[in-house]
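Colleague: I'd like to ask some things about the structure below.
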Amino acid sequence: MANLIEEAKLSIDGLLEKAYEKAVSNETLPQGGFPQGKVEIPKDTTNGDYAANHAMAGAKSLKLPPRTLAEIFVSEIDLSDSYFESVEIAGPGFLNFRLSDNWYGKVLETILREDEAYGCSDEGHGEKVMIEFVSANPTGPMTIGNARGGVLGDALASVMQRAGYNVSREFYVNDAGNQVDLFGKSIEARYLQLIKGEEAVDFPENGYHGEDIKNLAKAIYERDGEKYLDMDSDERCRSFVEFGLPYNIALMKQHLERYRIHFDNWFLESALHNSGYVEETVKLLEDAGCTYEKEDALWLRNTDFGADKDEVLRRSNGFYTYYAVDIAYHRNKFIERGFDRVIDVWGADHHGHAIRFAASMTAPVLGLQNKKLDFLIMQMVRLVRGSEVVKVSKRTGKALTLNDLLDEIGVDACRFFFNAKPDTHLEFDLDLAIRQDSENPVYYVQYAHARICSLIAAMAEEGHAVPTSGGVDASLLNTEQERELIKQLAMLTEEIRLAARDYDPSRINRYVTELAARFHRFYNNCRIKDAEPKLRDARLILCECTEKVIAIALEIVGVTAPEKM
RNA sequence: GCGCCAGUAGCUCAGGUGGAUAGAGCAACUGCCUUCUAAGCAGUAGGUCAGGGGUUCGAAUCCCUUCUGGCGUACCA
């Protein structure tokens, strides 16, 4: 549970404050003027491992030039038993600290001790969090459009679990409403076309044109023949939906498992209707005076809660809108199931809804004052083939399915690629993806892992297994490459914390790519096989720590860590 | 019109809540395998951080404004 990067950083403030107090007792500085400074990690390590700007921050109030103030700090500071071996003044008055052997050794010991739990923290204090993601319409197979949300939601869940949250993954199945009716009518049309010929039956406007619908119709026909031919259309469609939905849901589950996503719960929209929960929730809003009727429809006074427009809850035809159902669904998440925080992973095409919806959820009558509803809005994926933009739509049936994509580029590459920063538009070039072999960064990272594994195995063959006792002498690991590698290893806990805080699991991609880069540099500069025994052992331990950390990071992203390549 | 997200190297993108000389991968060019995996390493070249103002010791980062692109603004979900 150690976060040594932060521990070292936080300790600097204490060291400086003690130095300040000493200067006060020497009467070189006035009392009570310890400056609020910031400690950061400089980009360029010639400026130290940490840089504090206290001398610059305090220059004005203490009426001393920054550099003079810095000199006082340096002369009074006591670094013995600290994480640092030196501090120097640089530039306009930065205090640059350099980490000590003590710190480097502690990093490696921590990784060995915590093992697979390394990187975890108690940041979340067990807060009960639900992450709802993918939630693709069950009217067809999942498409490449679901690939991004899938990875983001799943990786965010992993990151938050490691950061100490009690996380539940949920898939919301829209098995009711308009699109399901349309789904039934689409199958119906294909079924009737099978019997009467394609020309004889009109296909519904806005129907689902995909091959999968034809296949469902064919499957029904093969099982039951012309049994539905003389049936009332409504009843027929109901039968087809009853057949088609479970089939599609099972297929989605299968494809998601292949994509290494496992949901804790598949929540059916129909359950909210059947139990009367939607009705009850709308009644709640009605009784509280949050609604009004207009043109036979029931409207929510959403502008009262800060939204830019009101919303229809119940259409003039008597059916509830998705909006009413969504309110009921979220009330269920918080009230009935007791989640403290809910994170919905939605595409940017829903962001307008997210803003208005968040406003609605503040309605006092819903009783969610102490609850937290957040959205992870990810920008759209732009599909291109070379220079041509590819349109994706489930309705037109022209979408590339997730499963086909996985056939083409593999699960590892796909998960790594789609774990990109949520708020930037992502361009996905199919031509590039297909030949995305060695130029994909995922292989760079996996290669580092495989390299370590085979090295350790080869060394063990020669009787030089990684030592399991005797501790680590980090003072031997004193090249620039070794120090940079260890610092990156120390960074994992902090990266996970930040990824959880910012809902940005793509940080882990960048982190692990940099870790691999630092390992490759170390590997090229530091021989292990023919090093002195003590140095060899220390380096072997460093290799093992790196291997463990890469494996942890890749697991978070959902990518395998191969032992051979 | 209004709202949200973006605009950084030829291409795809980083840039840790204002810090020191703006980075990486790919593409281009040059070196490095009789020595632990060359799917690697080292190096060269490539920039008016969309434009313009402002805030301060200091701005890619914060504020204002203009331009460009994506998405939304349904009794669809």
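How things are named: the first chain in the structure tokens is A, the next is B, and so on; residues count from 1 in each chain; ligands count from 1 in the order shown.
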Given a cut-off of 6 Å, which residues of chain A touch chain B, counting only C-alpha atoms (C1' of nucleotides), written out as an mmCIF file with N, CA, C and O atoms, in the first residue's frame?

Modeller:
data_model
loop_
_atom_site.group_PDB
_atom_site.id
_atom_site.type_symbol
_atom_site.label_atom_id
_atom_site.label_comp_id
_atom_site.auth_asym_id
_atom_site.auth_seq_id
_atom_site.Cartn_x
_atom_site.Cartn_y
_atom_site.Cartn_z
ATOM 1 N N ARG A 315 -45.362 9.743 -22.923
ATOM 2 C CA ARG A 315 -45.829 10.231 -24.214
ATOM 3 C C ARG A 315 -47.355 10.259 -24.270
ATOM 4 O O ARG A 315 -48.017 9.611 -23.465
ATOM 5 N N ALA A 348 -20.099 10.556 -26.687
ATOM 6 C CA ALA A 348 -20.331 11.994 -26.774
ATOM 7 C C ALA A 348 -21.680 12.320 -27.411
ATOM 8 O O ALA A 348 -22.224 13.400 -27.216
ATOM 9 N N ASP A 349 -22.234 11.359 -28.151
ATOM 10 C CA ASP A 349 -23.534 11.615 -28.764
ATOM 11 C C ASP A 349 -24.643 11.627 -27.703
ATOM 12 O O ASP A 349 -25.791 11.919 -28.009
ATOM 13 N N GLY A 352 -25.392 15.647 -24.294
ATOM 14 C CA GLY A 352 -26.471 16.598 -24.029
ATOM 15 C C GLY A 352 -27.461 15.996 -23.035
ATOM 16 O O GLY A 352 -27.907 16.645 -22.093
ATOM 17 N N SER A 438 4.016 -4.953 -35.709
ATOM 18 C CA SER A 438 5.148 -4.541 -34.890
ATOM 19 C C SER A 438 5.135 -3.048 -34.575
ATOM 20 O O SER A 438 5.856 -2.583 -33.721
ATOM 21 N N ARG A 451 11.105 -10.346 -22.778
ATOM 22 C CA ARG A 451 12.556 -10.266 -22.679
ATOM 23 C C ARG A 451 13.012 -10.592 -21.255
ATOM 24 O O ARG A 451 13.950 -11.342 -21.037
ATOM 25 N N LEU A 455 15.076 -13.891 -20.006
ATOM 26 C CA LEU A 455 16.374 -13.629 -19.380
ATOM 27 C C LEU A 455 16.460 -14.305 -18.015
ATOM 28 O O LEU A 455 17.437 -14.997 -17.702
ATOM 29 N N LYS A 529 24.325 -10.818 -17.327
ATOM 30 C CA LYS A 529 24.952 -12.138 -17.373
ATOM 31 C C LYS A 529 26.392 -12.115 -16.859
ATOM 32 O O LYS A 529 26.754 -12.919 -16.021
#

Colleague: As a short mmCIF file (atom, residue, chain, number, x, y, z; two decimals) with C-alpha atoms, in the first residue's frame, please: the residues near stretch 246-249 of chain A (cut-off 8 Å, only C-alpha atoms (C1' of nucleotides), same-chain neighbours under 6 positions excluded).

Modeller:
data_model
loop_
_atom_site.label_atom_id
_atom_site.label_comp_id
_atom_site.auth_asym_id
_atom_site.auth_seq_id
_atom_site.Cartn_x
_atom_site.Cartn_y
_atom_site.Cartn_z
CA PRO A 138 -29.49 -5.91 -27.91
CA THR A 139 -30.95 -5.47 -31.38
CA GLY A 140 -27.79 -6.68 -33.06
CA PRO A 141 -24.19 -7.70 -32.48
#

Colleague: Mind checking which residues fall within 10 Å of stretch 341-347 of chain A, counting only C-alpha atoms (C1' of nucleotides), ignoring those fewer than 3 positions away in the same chain, and posting them as a PyMOL selection string?

Modeller: (chain A and resi 127-135+145-146+148-150+152-153+156-157+167-170+330+333-334+338+350-351+353-354+370-381+422-423+503) or (chain B and resi 71)

Colleague: Which residues come within 12 Å of B:A45, counting only C-alpha atoms (C1' of nucleotides), excluding same-chain residues fewer than 6 positions away, as a PDB file with N, CA and C atoms (P, O5', C5', C4', C3', O3' and C1' of nucleotides), in the first residue's frame?

Modeller:
ATOM      1  P     A B   9       1.547  19.741 -34.870  1.00  0.00           P
ATOM      2  O5'   A B   9       3.110  19.477 -34.948  1.00  0.00           O
ATOM      3  C5'   A B   9       3.977  20.457 -35.487  1.00  0.00           C
ATOM      4  C4'   A B   9       5.068  19.782 -36.289  1.00  0.00           C
ATOM      5  C3'   A B   9       4.589  18.622 -37.160  1.00  0.00           C
ATOM      6  O3'   A B   9       5.345  18.575 -38.362  1.00  0.00           O
ATOM      7  C1'   A B   9       6.188  17.828 -35.625  1.00  0.00           C
ATOM      8  P     A B  28      10.123   5.013 -43.792  1.00  0.00           P
ATOM      9  O5'   A B  28      10.875   6.415 -43.851  1.00  0.00           O
ATOM     10  C5'   A B  28      10.640   7.310 -44.938  1.00  0.00           C
ATOM     11  C4'   A B  28      11.612   8.461 -44.887  1.00  0.00           C
ATOM     12  C3'   A B  28      13.067   8.068 -44.644  1.00  0.00           C
ATOM     13  O3'   A B  28      13.711   7.639 -45.830  1.00  0.00           O
ATOM     14  C1'   A B  28      12.490   9.910 -43.274  1.00  0.00           C
ATOM     15  P     C B  29      14.843   6.493 -45.706  1.00  0.00           P
ATOM     16  O5'   C B  29      16.071   7.284 -45.056  1.00  0.00           O
ATOM     17  C5'   C B  29      16.757   8.283 -45.802  1.00  0.00           C
ATOM     18  C4'   C B  29      17.726   9.025 -44.914  1.00  0.00           C
ATOM     19  C3'   C B  29      18.750   8.157 -44.188  1.00  0.00           C
ATOM     20  O3'   C B  29      19.824   7.753 -45.017  1.00  0.00           O
ATOM     21  C1'   C B  29      17.852   9.715 -42.676  1.00  0.00           C
ATOM     22  P     U B  30      20.493   6.318 -44.762  1.00  0.00           P
ATOM     23  O5'   U B  30      21.428   6.592 -43.493  1.00  0.00           O
ATOM     24  C5'   U B  30      22.287   7.728 -43.453  1.00  0.00           C
ATOM     25  C4'   U B  30      23.088   7.726 -42.190  1.00  0.00           C
ATOM     26  C3'   U B  30      23.497   6.351 -41.675  1.00  0.00           C
ATOM     27  O3'   U B  30      24.613   5.819 -42.381  1.00  0.00           O
ATOM     28  C1'   U B  30      22.682   7.640 -39.875  1.00  0.00           C
TER      29        U B  30
END

Colleague: Neighbours of B:A22 within 8 Å (only C-alpha atoms (C1' of nucleotides); same-chain residues fewer than 3 positions away dropped), as a ChimeraX atom specification?

Modeller: /B:15,49,60

Colleague: I'd like to know which residues of stretch 379-519 of chain A are strand (DSSP E or B) (by DSSP, run on the backbone); could you write them as a list of chain:residue names?

Modeller: A:Val381, A:Arg382, A:Leu383, A:Val384, A:Arg385, A:Glu388, A:Val389, A:Thr401, A:Leu426, A:Glu427, A:Phe428, A:Asp429

Colleague: Nearest to A:Leu432 among B:U34, B:C11, B:G53, B:U66, with distances taken over only C-alpha atoms (C1' of nucleotides): which residue is it?

Modeller: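 With only C-alpha atoms (C1' of nucleotides) as the atom set, the closest residue is B:C11.
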
Colleague: Report, in Å to a single decimal, how far apart atom CA of A:Phe428 and atom CA of A:Leu251 are.

Modeller: 24.5 Å

Colleague: Run DSSP on the backbone and give me the residues of stretch 108-210 of chain A it puts in helix (DSSP H, G or I), as a PyMOL selection string.

Modeller: chain A and resi 108-117+145-162+178-196+198-200

Colleague: To one decimal place, how far is atom CA of A:Phe267 from atom CA of A:Tyr172 in Å?

Modeller: 4.9 Å

Colleague: Which residues come within 10 Å of A:Ala59, counting only C-alpha atoms (C1' of nucleotides), excluding same-chain residues fewer than 4 positions away, as an NGL selection string?

Modeller: :A and (35 or 54-55 or 63-70 or 93)

Colleague: Since we have the selection now, will you write its residues out, keeping C-alpha atoms, as a PDB file, in the first residue's frame?

Modeller:
ATOM      1  CA  PRO A  35       6.001  29.882   2.526  1.00  0.00           C
ATOM      2  CA  HIS A  54       9.371  27.487  -1.618  1.00  0.00           C
ATOM      3  CA  ALA A  55      12.183  30.015  -1.892  1.00  0.00           C
ATOM      4  CA  LYS A  63      11.304  40.365   1.501  1.00  0.00           C
ATOM      5  CA  LEU A  64      14.370  38.413   0.468  1.00  0.00           C
ATOM      6  CA  PRO A  65      15.653  37.486  -2.990  1.00  0.00           C
ATOM      7  CA  PRO A  66      14.666  33.904  -3.869  1.00  0.00           C
ATOM      8  CA  ARG A  67      18.244  32.710  -4.081  1.00  0.00           C
ATOM      9  CA  THR A  68      19.192  34.159  -0.685  1.00  0.00           C
ATOM     10  CA  LEU A  69      16.187  32.476   0.858  1.00  0.00           C
ATOM     11  CA  ALA A  70      17.148  29.240  -0.874  1.00  0.00           C
ATOM     12  CA  GLY A  93      15.748  29.720  -6.791  1.00  0.00           C
TER      13      GLY A  93
END

Colleague: Please indicate the distance in Å from atom CA of A:Leu477 to atom CA of A:Glu88, rounded to one decimal place.

Modeller: 22.6 Å
